[in-house]
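Undergrad: The structure under discussion is supplied below as structure tokens; questions concerning it will follow.
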Amino acid sequence: MCSEVLAVAYSPFLSWAMLMKQKTTQKDVCYTMRCHKERWGGRLFFFATVMPVALVLIIFVALLLRTRPILEAKSISELLLGQVWLPFQGEFGFFPFIMGTLWVTAVALILAVPLCLLSAIYLSEYSRPSTVALMKPVLDLLAGIPSVVYGVWGMLAVVPAVQKFIAPLLGKWLGSISLFSSDNPTGFSILSGGIVLAVMVAPVIISVAYEVMRTVPFGMREASLAVGATQWQTIRYVVMPQAMPGIVAAVVLGLSRAMGETMAVLMVVGNVANKLPRSIFDPAYPLPALIANNYGEMMSIPLYDAALMGAALVLMLVVVIFNVISALILRQILRRSGQ
Amino acid sequence: MEAHIRVNNLNVNYTSEHQALKGINVTIPKHQITVIIGPSGCGKTTLLKSLDRLLDLTDGVSISGEVLLDGVNIYAPDIDVTAVRKKAGLLPQRPFPLPMSIYDNVAYGMRIHNMRKGKDLDRAVQHYLELAGLWDEVKDRLHGPAVRLSVGQQQRLCLARGLAVEPEIILGDEPTSALDPLSAQHIEKRLLELKQDYTVVLVTHILRQAKRLADYVIFMYLGEVVECGPAHEVFENPRQERTRAYLQGLF
């Protein structure tokens, strides 16, 4: 089940699998027109399938080549765990940027996933068909709004709200917890970035989770209801477990999008380098923002170009690592439910 | 003959144009096997599901009339639907094991209704698996996933799951249509045993199966009940021309 969703979330892995499974073509003994078409059609499809895999590899190799100068000058641990970013003095520590990316993504998912799941459950299990007919185009529309528009909205609405209401209020109530206290007075913060990102990934997570829950056969719901289960019990014990692999895929899709999102985040997140974030009200400087803000400027500084390429490489690796982890989780779930 | 279920003037519409059931009046006897026969699309499954309030799940359905279960109208506005559904076990055309272990499938209903706990639950699971004739085949892998069972075993698991909430009625919607002959025979044998304690209502396409199992027959055509009565009367001496034609395989 949910194979189409998995295909979207794991397309790089799937295309590998398809590559491996390619049947050995029969010996060419036929030279009629339709046999030629068959052969060339097959090759064309094979090429189209290999393309995405090749692209991933090409991007990876290109990044690696351009990063080489800095990898030769510095050790990997120095780069990944270094906390100082002073290009003029030859200091290139990625750690605060990596943490910035993880913080913003984590806040976005914590805000988005529970709400999105409730929304998907409502659409799939409770709402009338007319509600779905209204909501689906709206969700598609939300997913299609350019990210710079979300960024502007974030600057005009979210940042002031965080600055004037959320940060003072939470600071008053929960200020003793370092997660909620900060000396940043601007509102340009991890929370602002997280809120904007949560709104951006929501339509994707809701749509995918909804589609996955619709694939649970009606007869399975009926089987549960027929023994006298309530609708919520049916959702909790039958629909959700059955849809779980697809729901994981939906969350991963949102996660990958959140990690790579650049424009909207860099407009609201503060972009303060050389400061490890400690609270959701601290500013941060995620990896995509670093690359977008600096690439093309001050390229005469030695190793600067290589360092930014390194940042891109790190970002790509972080996304790949999370994808692999979720693929493993998914396998575990599938194995446990015996599918 | 003691009546268990009485259907009074039941009308079901799926859309405003399509009337699935037209003024149905039938009586279903207690502790016997009632078989509903008729050509495809005549409303057999609709009638069966109306007895368990499973029709409510269909979008845009409208239902009027009453279904009396032991004299209580299950379509009355103040009725608890989950309690009604608990009174009948459903065997669908294709078995749907829940996404959990064999044990949990049988325990599912009992847990939901807080009926049994601990050792008591273990015993009950064994009892109902035995009743469904599945215990010997699964006793060594109770905690394995239910989807690994064969389709025939899955259907008996569904029977056990339905029986576990102590229903009074078993509803079968062509329960053997997806099964191999041996598994089908298994299910038929179970149903014949179970009618001692349960009222069984069965939809089937297979006339021979109907003749093997039925005590009481309802023949439906185009959303109406054409004829109903004790099996031997309907099969040997149908009063209606349409029943005679159907039994002879003319449509």
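In the structure tokens, the first chain shown is A, the next is B, and so on; residue numbers restart at 1 for each chain, and ligands run from 1 in the order shown.
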With a cut-off of 10 Å and counting only C-alpha atoms, select all residues of chain B in contact with chain A and give the selection as an MDAnalysis selection string.
TA: chainID B and resid 49 52:54 57 59:60 80:101 105 108:113 144:148 158 161:167
Undergrad: Within 12 Å of Glu2 of chain B, counting only C-alpha atoms, which residues qualify if same-chain residues fewer than 6 places away don't, as a list in words?
TA: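 Counting only the stated atoms, we get Thr27, Ile28, Pro29, Lys30, His31, Gln32, Asp70, Gly71 and Thr199 of chain B.
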Undergrad: Mind dumping the selected residues with C-alpha atoms as a short mmCIF file (atom, residue, chain, number, x, y, z; two decimals), in the first residue's frame?
TA:
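Done, and the output landed in part-v4.cif:
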data_model
loop_
_atom_site.label_atom_id
_atom_site.label_comp_id
_atom_site.auth_asym_id
_atom_site.auth_seq_id
_atom_site.Cartn_x
_atom_site.Cartn_y
_atom_site.Cartn_z
CA THR B 27 -39.19 -11.45 9.45
CA ILE B 28 -36.01 -13.31 10.31
CA PRO B 29 -36.40 -16.30 12.61
CA LYS B 30 -34.25 -16.85 15.68
CA HIS B 31 -31.49 -19.49 15.72
CA GLN B 32 -31.96 -20.47 12.10
CA ASP B 70 -36.04 -8.21 19.71
CA GLY B 71 -38.75 -5.58 19.39
CA THR B 199 -29.28 -16.23 14.29
#
Undergrad: I'd like the neighbourhood of segment 119-122 of chain A as a PyMOL selection string, where a residue qualifies if any of its atoms comes within 7 Å (using only C-alpha atoms), though same-chain residues fewer than 6 positions away should be ignored.
TA: chain A and resi 206+209-210
Undergrad: Take the selection from the previous step and output its residues with N, CA, C and O atoms, as a PDB file, in the first residue's frame.
TA:
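Result went into again.pdb, see below:
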ATOM      1  N   ILE A 206      -0.229  17.390   4.972  1.00  0.00           N
ATOM      2  CA  ILE A 206      -1.666  17.081   5.039  1.00  0.00           C
ATOM      3  C   ILE A 206      -2.093  16.279   3.812  1.00  0.00           C
ATOM      4  O   ILE A 206      -2.727  15.233   3.933  1.00  0.00           O
ATOM      5  N   ALA A 209      -0.560  12.672   3.876  1.00  0.00           N
ATOM      6  CA  ALA A 209      -1.142  11.861   4.952  1.00  0.00           C
ATOM      7  C   ALA A 209      -2.601  11.530   4.628  1.00  0.00           C
ATOM      8  O   ALA A 209      -3.050  10.401   4.853  1.00  0.00           O
ATOM      9  N   TYR A 210      -3.316  12.497   4.063  1.00  0.00           N
ATOM     10  CA  TYR A 210      -4.716  12.254   3.687  1.00  0.00           C
ATOM     11  C   TYR A 210      -4.809  11.145   2.640  1.00  0.00           C
ATOM     12  O   TYR A 210      -5.573  10.195   2.789  1.00  0.00           O
TER      13      TYR A 210
END
Undergrad: Just to confirm, what's the straight-line distance from atom CA of Ile170 of chain B to atom CA of Tyr198 of chain B in Å (one decimal)?
TA: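 It comes out at 6.7 Å.
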Undergrad: Write out as a tab-separated table (two decimals) with N, CA and C atoms, in the first residue's frame the set of residues from segment 49-147 of chain A that DSSP, computed on the backbone, places in strand (DSSP E or B).
TA:
chain	number	residue	atom	x	y	z
A	85	TRP	N	33.11	31.41	12.57
A	85	TRP	CA	33.02	31.64	11.13
A	85	TRP	C	33.56	33.04	10.86
A	86	LEU	N	34.88	33.12	10.54
A	86	LEU	CA	35.50	34.40	10.22
A	86	LEU	C	36.31	34.22	8.94
A	91	GLU	N	38.81	31.25	9.31
A	91	GLU	CA	38.08	30.35	10.23
A	91	GLU	C	36.74	29.96	9.59
A	92	PHE	N	36.57	28.65	9.38
A	92	PHE	CA	35.32	28.21	8.76
A	92	PHE	C	34.69	27.10	9.59
